[in-house]
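Raw protein_18.cif, mmCIF, C-alpha atoms and all ligand atoms:
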data_start
#
loop_
_atom_site.group_PDB
_atom_site.id
_atom_site.type_symbol
_atom_site.label_atom_id
_atom_site.label_comp_id
_atom_site.auth_asym_id
_atom_site.auth_seq_id
_atom_site.Cartn_x
_atom_site.Cartn_y
_atom_site.Cartn_z
ATOM 1 C CA MET A 1 -11.873 -32.167 20.741
ATOM 2 C CA ARG A 2 -8.805 -34.286 20.033
ATOM 3 C CA ALA A 3 -9.023 -38.075 19.860
ATOM 4 C CA ALA A 4 -6.683 -38.460 22.841
ATOM 5 C CA ARG A 5 -8.931 -36.292 24.999
ATOM 6 C CA LEU A 6 -12.060 -38.202 23.995
ATOM 7 C CA LEU A 7 -10.346 -41.491 24.832
ATOM 8 C CA GLU A 8 -9.368 -40.142 28.250
ATOM 9 C CA ILE A 9 -12.950 -39.017 28.929
ATOM 10 C CA LEU A 10 -14.408 -42.390 27.932
ATOM 11 C CA LEU A 11 -11.950 -44.328 30.103
ATOM 12 C CA GLU A 12 -12.375 -42.082 33.139
ATOM 13 C CA MET A 13 -16.155 -42.160 32.976
ATOM 14 C CA ARG A 14 -16.130 -45.938 32.694
ATOM 15 C CA GLU A 15 -13.764 -46.269 35.662
ATOM 16 C CA GLU A 16 -16.005 -44.027 37.731
ATOM 17 C CA MET A 17 -19.108 -46.078 36.845
ATOM 18 C CA GLU A 18 -17.321 -49.342 37.649
ATOM 19 C CA ARG A 19 -16.316 -47.874 41.008
ATOM 20 C CA GLU A 20 -19.963 -47.032 41.625
ATOM 21 C CA GLU A 21 -21.015 -50.627 40.919
ATOM 22 C CA ARG A 22 -18.457 -51.871 43.485
ATOM 23 C CA ARG A 23 -19.556 -49.483 46.227
ATOM 24 C CA THR A 24 -21.650 -50.975 49.016
ATOM 25 C CA SER A 25 -24.023 -48.033 48.930
ATOM 26 C CA TYR A 26 -25.358 -45.795 46.164
ATOM 27 C CA LEU A 27 -27.590 -42.777 46.841
ATOM 28 C CA GLU A 28 -28.198 -44.174 50.351
ATOM 29 C CA GLY A 29 -29.463 -47.348 48.648
ATOM 30 C CA GLU A 30 -27.683 -49.865 46.458
ATOM 31 C CA ARG A 31 -26.522 -50.383 42.913
ATOM 32 C CA ARG A 32 -26.373 -54.004 41.799
ATOM 33 C CA GLY A 33 -26.666 -55.821 38.468
ATOM 34 C CA GLY A 34 -27.271 -52.549 36.638
ATOM 35 C CA VAL A 35 -30.165 -51.557 38.915
ATOM 36 C CA ILE A 36 -30.073 -48.641 41.343
ATOM 37 C CA ARG A 37 -32.564 -48.987 44.164
ATOM 38 C CA THR A 38 -32.929 -46.171 46.650
ATOM 39 C CA ARG A 39 -35.295 -44.509 49.065
ATOM 40 C CA ALA A 40 -33.542 -41.164 48.615
ATOM 41 C CA ARG A 41 -35.920 -38.257 48.233
ATOM 42 C CA GLY A 42 -35.624 -34.762 46.830
ATOM 43 C CA THR A 43 -36.407 -33.172 43.508
ATOM 44 C CA VAL A 44 -35.327 -35.282 40.564
ATOM 45 C CA ALA A 45 -34.937 -34.171 36.937
ATOM 46 C CA ILE A 46 -35.497 -36.875 34.319
ATOM 47 C CA VAL A 47 -34.283 -36.478 30.740
ATOM 48 C CA GLY A 48 -35.299 -38.666 27.774
ATOM 49 C CA ASP A 49 -33.540 -39.478 24.473
ATOM 50 C CA ILE A 50 -30.867 -36.974 23.373
ATOM 51 C CA HIS A 51 -29.367 -38.519 20.201
ATOM 52 C CA GLY A 52 -26.594 -35.983 19.718
ATOM 53 C CA ASP A 53 -28.726 -32.864 20.240
ATOM 54 C CA LEU A 54 -26.211 -31.049 22.438
ATOM 55 C CA GLU A 55 -27.987 -27.693 22.141
ATOM 56 C CA THR A 56 -31.297 -28.902 23.621
ATOM 57 C CA MET A 57 -29.442 -30.996 26.192
ATOM 58 C CA ARG A 58 -27.666 -27.877 27.478
ATOM 59 C CA ILE A 59 -30.922 -25.907 27.700
ATOM 60 C CA ILE A 60 -32.497 -28.705 29.725
ATOM 61 C CA LEU A 61 -29.478 -29.305 31.957
ATOM 62 C CA ARG A 62 -29.191 -25.625 32.821
ATOM 63 C CA GLU A 63 -32.709 -25.723 34.248
ATOM 64 C CA ALA A 64 -32.372 -29.201 35.750
ATOM 65 C CA GLU A 65 -29.073 -28.600 37.547
ATOM 66 C CA ARG A 66 -30.427 -25.427 39.131
ATOM 67 C CA LYS A 67 -33.592 -26.997 40.528
ATOM 68 C CA ALA A 68 -33.003 -30.716 41.032
ATOM 69 C CA ASP A 69 -31.156 -32.637 43.742
ATOM 70 C CA SER A 70 -30.461 -35.471 41.332
ATOM 71 C CA LEU A 71 -30.542 -36.051 37.613
ATOM 72 C CA VAL A 72 -31.626 -39.153 35.701
ATOM 73 C CA LEU A 73 -30.876 -39.619 32.000
ATOM 74 C CA LEU A 74 -32.817 -42.360 30.239
ATOM 75 C CA GLY A 75 -30.281 -43.307 27.538
ATOM 76 C CA ASP A 76 -29.896 -42.933 23.756
ATOM 77 C CA TYR A 77 -27.130 -40.329 23.819
ATOM 78 C CA ILE A 78 -25.693 -41.084 20.387
ATOM 79 C CA ASP A 79 -26.798 -41.967 16.815
ATOM 80 C CA ARG A 80 -29.063 -39.870 14.579
ATOM 81 C CA GLY A 81 -27.414 -36.555 15.458
ATOM 82 C CA PRO A 82 -24.562 -34.496 13.993
ATOM 83 C CA PRO A 83 -21.145 -36.150 14.623
ATOM 84 C CA GLU A 84 -19.880 -33.214 16.726
ATOM 85 C CA GLY A 85 -23.116 -33.296 18.699
ATOM 86 C CA GLN A 86 -22.801 -36.994 19.483
ATOM 87 C CA VAL A 87 -19.272 -36.564 20.801
ATOM 88 C CA GLY A 88 -20.298 -33.338 22.581
ATOM 89 C CA VAL A 89 -23.083 -35.186 24.405
ATOM 90 C CA LEU A 90 -20.582 -37.780 25.672
ATOM 91 C CA GLU A 91 -18.368 -34.959 26.917
ATOM 92 C CA GLU A 92 -21.366 -33.404 28.668
ATOM 93 C CA LEU A 93 -22.176 -36.740 30.353
ATOM 94 C CA TYR A 94 -18.584 -36.862 31.548
ATOM 95 C CA SER A 95 -18.751 -33.459 33.168
ATOM 96 C CA LEU A 96 -22.089 -34.330 34.803
ATOM 97 C CA LYS A 97 -20.637 -37.512 36.271
ATOM 98 C CA MET A 98 -17.495 -35.759 37.472
ATOM 99 C CA THR A 99 -19.345 -32.852 39.104
ATOM 100 C CA MET A 100 -22.481 -34.581 40.429
ATOM 101 C CA GLY A 101 -21.136 -38.091 41.088
ATOM 102 C CA GLU A 102 -23.875 -40.497 42.218
ATOM 103 C CA ARG A 103 -26.485 -37.771 41.848
ATOM 104 C CA ALA A 104 -26.104 -38.036 38.062
ATOM 105 C CA VAL A 105 -27.735 -41.347 37.096
ATOM 106 C CA ILE A 106 -26.742 -42.069 33.485
ATOM 107 C CA LEU A 107 -28.818 -45.011 32.273
ATOM 108 C CA ARG A 108 -28.158 -47.055 29.166
ATOM 109 C CA GLY A 109 -30.445 -46.943 26.093
ATOM 110 C CA ASN A 110 -30.780 -49.357 23.174
ATOM 111 C CA HIS A 111 -28.451 -47.113 21.119
ATOM 112 C CA GLU A 112 -25.618 -47.715 23.593
ATOM 113 C CA PRO A 113 -24.330 -51.117 22.402
ATOM 114 C CA GLY A 114 -22.871 -53.696 24.771
ATOM 115 C CA PHE A 115 -23.174 -57.298 26.021
ATOM 116 C CA GLY A 116 -23.855 -58.280 22.394
ATOM 117 C CA ILE A 117 -26.954 -56.090 22.232
ATOM 118 C CA ALA A 118 -26.919 -53.469 19.477
ATOM 119 C CA SER A 119 -29.377 -51.206 17.732
ATOM 120 C CA SER A 120 -29.686 -50.145 14.142
ATOM 121 C CA PRO A 121 -29.327 -47.776 12.455
ATOM 122 C CA HIS A 122 -26.106 -47.101 14.356
ATOM 123 C CA ASP A 123 -24.179 -44.203 12.807
ATOM 124 C CA PHE A 124 -21.969 -43.466 15.842
ATOM 125 C CA PRO A 125 -18.998 -45.475 14.456
ATOM 126 C CA MET A 126 -19.180 -43.432 11.261
ATOM 127 C CA ALA A 127 -19.386 -40.210 13.243
ATOM 128 C CA LEU A 128 -16.171 -41.195 15.065
ATOM 129 C CA ARG A 129 -14.459 -42.088 11.807
ATOM 130 C CA LEU A 130 -15.438 -38.799 10.231
ATOM 131 C CA LEU A 131 -14.076 -36.797 13.165
ATOM 132 C CA PHE A 132 -11.036 -38.863 14.152
ATOM 133 C CA GLY A 133 -10.031 -41.010 11.156
ATOM 134 C CA GLU A 134 -8.473 -44.379 11.838
ATOM 135 C CA THR A 135 -8.391 -44.025 15.626
ATOM 136 C CA TRP A 136 -12.185 -44.433 15.471
ATOM 137 C CA ARG A 137 -11.935 -48.125 16.317
ATOM 138 C CA GLU A 138 -10.081 -47.581 19.591
ATOM 139 C CA LEU A 139 -12.557 -44.853 20.527
ATOM 140 C CA TYR A 140 -15.486 -47.064 19.628
ATOM 141 C CA ASP A 141 -14.193 -49.984 21.737
ATOM 142 C CA ALA A 142 -13.737 -47.638 24.690
ATOM 143 C CA SER A 143 -17.283 -46.340 24.153
ATOM 144 C CA VAL A 144 -18.802 -49.830 24.230
ATOM 145 C CA LYS A 145 -16.934 -50.620 27.462
ATOM 146 C CA LEU A 146 -18.342 -47.429 28.941
ATOM 147 C CA PHE A 147 -21.885 -48.326 27.847
ATOM 148 C CA GLU A 148 -21.538 -51.764 29.450
ATOM 149 C CA ALA A 149 -20.679 -50.048 32.737
ATOM 150 C CA MET A 150 -23.872 -47.958 32.649
ATOM 151 C CA PRO A 151 -26.789 -49.037 34.859
ATOM 152 C CA HIS A 152 -30.082 -49.672 33.041
ATOM 153 C CA ALA A 153 -32.755 -49.060 35.684
ATOM 154 C CA LEU A 154 -33.407 -46.801 38.657
ATOM 155 C CA ILE A 155 -36.001 -47.583 41.303
ATOM 156 C CA LEU A 156 -37.027 -44.756 43.625
ATOM 157 C CA GLU A 157 -38.944 -46.813 46.174
ATOM 158 C CA GLY A 158 -42.503 -45.606 46.651
ATOM 159 C CA GLY A 159 -41.938 -43.273 43.706
ATOM 160 C CA LEU A 160 -40.859 -44.203 40.224
ATOM 161 C CA LEU A 161 -39.153 -46.762 38.018
ATOM 162 C CA ALA A 162 -36.918 -45.205 35.334
ATOM 163 C CA LEU A 163 -35.571 -47.141 32.356
ATOM 164 C CA HIS A 164 -35.152 -46.653 28.616
ATOM 165 C CA GLY A 165 -37.723 -49.007 27.039
ATOM 166 C CA GLY A 166 -39.922 -50.797 29.529
ATOM 167 C CA PRO A 167 -40.422 -53.704 31.906
ATOM 168 C CA PRO A 168 -39.960 -57.288 30.651
ATOM 169 C CA VAL A 169 -43.357 -58.825 29.937
ATOM 170 C CA GLU A 170 -42.978 -62.291 31.548
ATOM 171 C CA PRO A 171 -43.689 -62.522 35.268
ATOM 172 C CA ALA A 172 -40.459 -62.956 37.262
ATOM 173 C CA PRO A 173 -39.499 -62.207 40.884
ATOM 174 C CA ASP A 174 -36.705 -59.847 39.825
ATOM 175 C CA PRO A 175 -36.951 -59.021 36.101
ATOM 176 C CA PHE A 176 -34.618 -56.022 36.223
ATOM 177 C CA THR A 177 -31.257 -57.206 37.596
ATOM 178 C CA TYR A 178 -28.711 -58.195 34.927
ATOM 179 C CA LEU A 179 -25.941 -60.514 36.044
ATOM 180 C CA ALA A 180 -25.022 -61.730 32.540
ATOM 181 C CA SER A 181 -26.751 -65.091 32.366
ATOM 182 C CA GLY A 182 -28.491 -66.297 29.191
ATOM 183 C CA ARG A 183 -32.080 -65.714 30.247
ATOM 184 C CA GLU A 184 -31.406 -62.301 31.711
ATOM 185 C CA ARG A 185 -29.970 -61.074 28.433
ATOM 186 C CA GLY A 186 -33.395 -61.415 26.800
ATOM 187 C CA ARG A 187 -34.833 -59.352 29.637
ATOM 188 C CA LEU A 188 -32.162 -56.691 29.185
ATOM 189 C CA VAL A 189 -33.129 -56.460 25.494
ATOM 190 C CA GLU A 190 -36.723 -55.869 26.630
ATOM 191 C CA ILE A 191 -35.721 -53.235 29.197
ATOM 192 C CA LEU A 192 -33.953 -51.340 26.396
ATOM 193 C CA PHE A 193 -36.485 -51.891 23.581
ATOM 194 C CA ASN A 194 -40.053 -52.391 24.898
ATOM 195 C CA ASP A 195 -42.885 -49.918 24.172
ATOM 196 C CA PRO A 196 -46.248 -49.480 25.945
ATOM 197 C CA THR A 197 -49.494 -50.152 24.065
ATOM 198 C CA GLU A 198 -53.117 -49.263 24.790
ATOM 199 C CA ALA A 199 -54.254 -52.344 22.881
ATOM 200 C CA PRO A 200 -56.122 -54.814 25.117
ATOM 201 C CA VAL A 201 -53.254 -57.299 25.208
ATOM 202 C CA GLU A 202 -50.830 -58.328 27.909
ATOM 203 C CA ALA A 203 -47.953 -58.245 25.426
ATOM 204 C CA ALA A 204 -47.197 -58.740 21.726
ATOM 205 C CA PRO A 205 -44.034 -58.828 19.579
ATOM 206 C CA SER A 206 -42.763 -55.331 18.830
ATOM 207 C CA PRO A 207 -42.865 -53.973 15.263
ATOM 208 C CA ARG A 208 -39.293 -52.822 15.991
ATOM 209 C CA GLY A 209 -38.145 -56.427 15.561
ATOM 210 C CA ALA A 210 -36.701 -56.491 19.102
ATOM 211 C CA GLY A 211 -38.568 -56.649 22.402
ATOM 212 C CA PHE A 212 -42.320 -56.421 22.955
ATOM 213 C CA VAL A 213 -45.156 -53.984 23.272
ATOM 214 C CA TRP A 214 -46.632 -54.244 26.755
ATOM 215 C CA GLY A 215 -50.116 -53.597 28.097
ATOM 216 C CA ALA A 216 -51.532 -52.100 31.301
ATOM 217 C CA ALA A 217 -51.398 -55.398 33.216
ATOM 218 C CA VAL A 218 -47.603 -55.565 32.787
ATOM 219 C CA THR A 219 -47.332 -51.994 34.071
ATOM 220 C CA ARG A 220 -49.337 -52.855 37.192
ATOM 221 C CA ARG A 221 -47.233 -55.950 37.828
ATOM 222 C CA ALA A 222 -43.910 -54.134 37.331
ATOM 223 C CA LEU A 223 -44.940 -51.303 39.675
ATOM 224 C CA ASN A 224 -45.985 -53.859 42.298
ATOM 225 C CA ILE A 225 -42.692 -55.740 42.070
ATOM 226 C CA VAL A 226 -40.537 -52.658 42.558
ATOM 227 C CA GLY A 227 -42.913 -50.799 44.895
ATOM 228 C CA ALA A 228 -43.323 -47.691 42.742
ATOM 229 C CA GLN A 229 -46.213 -45.632 41.346
ATOM 230 C CA LEU A 230 -44.944 -44.512 37.968
ATOM 231 C CA ILE A 231 -42.799 -45.775 35.069
ATOM 232 C CA VAL A 232 -40.733 -43.083 33.345
ATOM 233 C CA ARG A 233 -39.104 -44.103 30.064
ATOM 234 C CA GLY A 234 -37.822 -42.739 26.747
ATOM 235 C CA HIS A 235 -37.335 -44.588 23.449
ATOM 236 C CA GLU A 236 -40.293 -43.140 21.512
ATOM 237 C CA ALA A 237 -40.668 -39.645 20.012
ATOM 238 C CA PRO A 238 -44.177 -38.324 20.832
ATOM 239 C CA PRO A 239 -45.155 -35.205 18.804
ATOM 240 C CA GLU A 240 -45.271 -33.018 21.949
ATOM 241 C CA GLY A 241 -42.134 -34.542 23.464
ATOM 242 C CA PHE A 242 -44.072 -36.564 26.048
ATOM 243 C CA LYS A 243 -47.085 -38.863 26.331
ATOM 244 C CA PHE A 244 -48.914 -40.905 28.921
ATOM 245 C CA ASN A 245 -50.036 -44.529 28.818
ATOM 246 C CA HIS A 246 -51.961 -46.882 31.075
ATOM 247 C CA GLY A 247 -53.949 -44.299 32.998
ATOM 248 C CA LYS A 248 -50.910 -42.028 33.530
ATOM 249 C CA LYS A 249 -48.894 -44.831 35.107
ATOM 250 C CA VAL A 250 -46.372 -44.636 32.232
ATOM 251 C CA VAL A 251 -44.694 -41.441 31.016
ATOM 252 C CA THR A 252 -42.605 -41.284 27.836
ATOM 253 C CA LEU A 253 -40.053 -38.452 27.565
ATOM 254 C CA PHE A 254 -38.188 -37.423 24.422
ATOM 255 C CA SER A 255 -35.669 -34.647 25.056
ATOM 256 C CA ARG A 256 -34.229 -33.706 21.666
ATOM 257 C CA LEU A 257 -35.331 -31.668 18.674
ATOM 258 C CA GLY A 258 -34.712 -31.887 14.952
ATOM 259 C CA LEU A 259 -34.556 -34.394 12.149
ATOM 260 C CA PRO A 260 -34.904 -37.280 11.611
ATOM 261 C CA TYR A 261 -37.614 -36.964 14.304
ATOM 262 C CA LEU A 262 -40.733 -34.850 13.787
ATOM 263 C CA ASN A 263 -41.621 -33.887 17.383
ATOM 264 C CA SER A 264 -42.284 -30.148 17.805
ATOM 265 C CA ARG A 265 -41.208 -30.064 21.444
ATOM 266 C CA ALA A 266 -38.657 -31.710 23.670
ATOM 267 C CA ALA A 267 -39.757 -32.663 27.178
ATOM 268 C CA PHE A 268 -38.233 -33.474 30.534
ATOM 269 C CA MET A 269 -39.551 -33.885 34.072
ATOM 270 C CA LEU A 270 -38.773 -31.968 37.221
ATOM 271 C CA CYS A 271 -40.412 -33.923 39.993
ATOM 272 C CA ALA A 272 -40.598 -33.363 43.724
ATOM 273 C CA PRO A 273 -41.600 -36.504 45.691
ATOM 274 C CA GLU A 274 -45.146 -35.185 46.214
ATOM 275 C CA ASP A 275 -45.603 -34.763 42.417
ATOM 276 C CA ILE A 276 -45.376 -38.467 41.580
ATOM 277 C CA SER A 277 -49.140 -39.022 41.849
ATOM 278 C CA SER A 278 -49.826 -36.198 39.362
ATOM 279 C CA PRO A 279 -46.968 -36.532 36.869
ATOM 280 C CA GLU A 280 -48.459 -34.034 34.385
ATOM 281 C CA SER A 281 -47.607 -31.273 36.882
ATOM 282 C CA CYS A 282 -43.870 -31.881 36.539
ATOM 283 C CA ILE A 283 -43.448 -32.054 32.764
ATOM 284 C CA ILE A 284 -41.573 -29.172 31.173
ATOM 285 C CA THR A 285 -41.373 -28.722 27.409
ATOM 286 C CA VAL A 286 -38.729 -26.906 25.403
ATOM 287 C CA THR A 287 -38.700 -25.575 21.866
ATOM 288 C CA ARG A 288 -36.242 -23.512 19.827
HETATM 289 MN MN MN B 301 -34.317 -45.957 22.115
#

Render the structure in this file as structure tokens.
Amino acid sequence: MRAARLLEILLEMREEMEREERRTSYLEGERRGGVIRTRARGTVAIVGDIHGDLETMRIILREAERKADSLVLLGDYIDRGPPEGQVGVLEELYSLKMTMGERAVILRGNHEPGFGIASSPHDFPMALRLLFGETWRELYDASVKLFEAMPHALILEGGLLALHGGPPVEPAPDPFTYLASGRERGRLVEILFNDPTEAPVEAAPSPRGAGFVWGAAVTRRALNIVGAQLIVRGHEAPPEGFKFNHGKKVVTLFSRLGLPYLNSRAAFMLCAPEDISSPESCIITVTR
């Protein structure tokens, strides 16, 4: 792909996502402050971290697009993959957004920098430089603006809460909406970085150096606040591509294969509304 084409894709996708944020309705519900809240029903496919693995992404999307009414991607599209793969994944996101519109929910992960929040290691800028030379900076700026336009949480009322990391650990009436105030930024960091723990704690600082690990009580509280039964998130790489926490109230999905990760399978979910109470029935794993 030429640099000019990539720039066009990044700008168009961002414009489309900004239009979505301005709309009064999204998926028969609403999209506000980076949170999509809807009662819409139907089969939903949920995809975890991709990190430039275009090949596995295409395998999963082929199946997902055929069987699902809507598609949710949990973030971490770039970094830690081959340069061509990272750019290819962005192109794939673009075509999903342009063909499926609102039915493609493209959430932000901690590897999509923006609002002063960034992850490391972050090799995406180097991937752009390798492929496009000195225009990398313009492409990178356009990428960050796109990432800032991405929503970071989806609430299917009565069903599931989807986000990249996890719920913020402090009690708050609305911990998920981000309207760019100081306190909310800390919560957005948590949404992108938090991990579940089975340790008997409410919460503890994360060994990642950003965010927290959260215990079962935080899961119960978050599900109560949003009126859902299940948290679906990415961010960790379980050996089998998925894992459960907190009595199967939290599912982790990792949807890419290959180094530097050591998981033997990639996983995604294909969930009809009636499957939410038995999430193990809708996990599909992929290997090469
Ligand atoms: Mn992550």

Open item on the list: When you look at A:Pro175 with a cut-off of 8 Å (counting all atoms listed in the file), what residues show up, excluding the ones that are within fewer than 4 positions of it in the same chain? I need them as a ChimeraX atom specification.
Closed with: /A:167-168,171,184,187

Task: Distance in Å - atom CA of A:Met100 versus atom CA of A:Phe115 - done: 26.9 Å

Task: ligand MN 301 (chain B) neighbours within 7 Å using all atoms listed in the file, as JSON, numbers by chain - done: {"A": [49, 76, 109, 110, 111, 164, 165, 192, 193, 234, 235, 236]}

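Atom CA of A:Phe212 is found 19.6 Å from atom CA of A:Gly247.
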
TODO: Take the PyMOL selection byres (((chain A and resi 219-222) around 10) and not hetatm), apply it to the structure above, and return the hits as an MDAnalysis selection string.
DONE: chainID A and resid 161 166:176 196 202 214:218 223:231 245:246 249:250

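In this model, the gap between atom CA of A:Ser181 and atom CA of A:Pro151 comes to 16.2 Å.
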
Open item on the list: Evaluated on this file, the PyMOL selection byres (((chain A and resi 62-70) around 9) and not hetatm) picks out some residues - which ones are they, written as number ranges by chain?
Closed with: A: 41-46, 57-61, 71-72, 100, 102-105, 268-272

Task: Residue members of the PyMOL selection byres (((chain A and resi 33) around 8) and not hetatm) in the file shown, as a count of residues only - done: 8

- [ ] Please provide the set of residues having any atom within 10 Å of A:Ala4, restricted to all atoms listed in the file, with same-chain residues fewer than 2 positions apart removed, written as a ChimeraX atom specification.
- [x] /A:1-2,6-9,132,135,139

TODO: Have a look at A:Val144, A:Ile155, A:Tyr94, A:Thr56 and name the one nearest to A:Glu30; count all atoms listed in the file.
DONE: A:Ile155

TODO: Go through A:Lys243, A:Arg185, A:Arg233, A:His51 and flag the residue nearest A:Leu74, using only C-alpha atoms for the distances.
DONE: A:Arg233

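Compared by their closest atoms to A:Leu131, and using only C-alpha atoms, the residues A:Val232, A:Val213, A:Ala3, A:Val47 rank with A:Ala3 nearest.
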
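Closest to A:Ile191 among A:Leu107, A:Glu21, A:Leu262, A:Ala127 is A:Leu107, based on all atoms listed in the file.
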
How would you write as a CSV table (one decimal) with C-alpha atoms, in the frame of the given file the residues that get within 8 Å of (-34.1, -54.3, 21.5) in the file's frame, counting only C-alpha atoms?
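Resulting contents of result27.csv:
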chain,number,residue,atom,x,y,z
A,110,ASN,CA,-30.8,-49.4,23.2
A,117,ILE,CA,-27.0,-56.1,22.2
A,118,ALA,CA,-26.9,-53.5,19.5
A,119,SER,CA,-29.4,-51.2,17.7
A,189,VAL,CA,-33.1,-56.5,25.5
A,190,GLU,CA,-36.7,-55.9,26.6
A,191,ILE,CA,-35.7,-53.2,29.2
A,192,LEU,CA,-34.0,-51.3,26.4
A,193,PHE,CA,-36.5,-51.9,23.6
A,194,ASN,CA,-40.1,-52.4,24.9
A,208,ARG,CA,-39.3,-52.8,16.0
A,209,GLY,CA,-38.1,-56.4,15.6
A,210,ALA,CA,-36.7,-56.5,19.1
A,211,GLY,CA,-38.6,-56.6,22.4

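Between A:Glu138 and the candidates A:Gly85, A:Phe242, A:Leu11, A:Gly159, the tightest atom-to-atom separation, counting all atoms listed in the file, involves A:Leu11.
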
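When all atoms listed in the file are used to measure the gap to A:Arg37, the shortest distance among A:Ala267, A:Val251, A:Leu154, A:Ala180 belongs to A:Leu154.
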
Would you give the centre and edge lengths, in Å to one decimal, of a box along x, y and z around the listed atoms of stretch 6-17 of chain A, with 6 Å added to each side, as JSON?
{"center_x": -14.2, "center_y": -42.2, "center_z": 30.9, "size_x": 21.7, "size_y": 20.1, "size_z": 25.7}
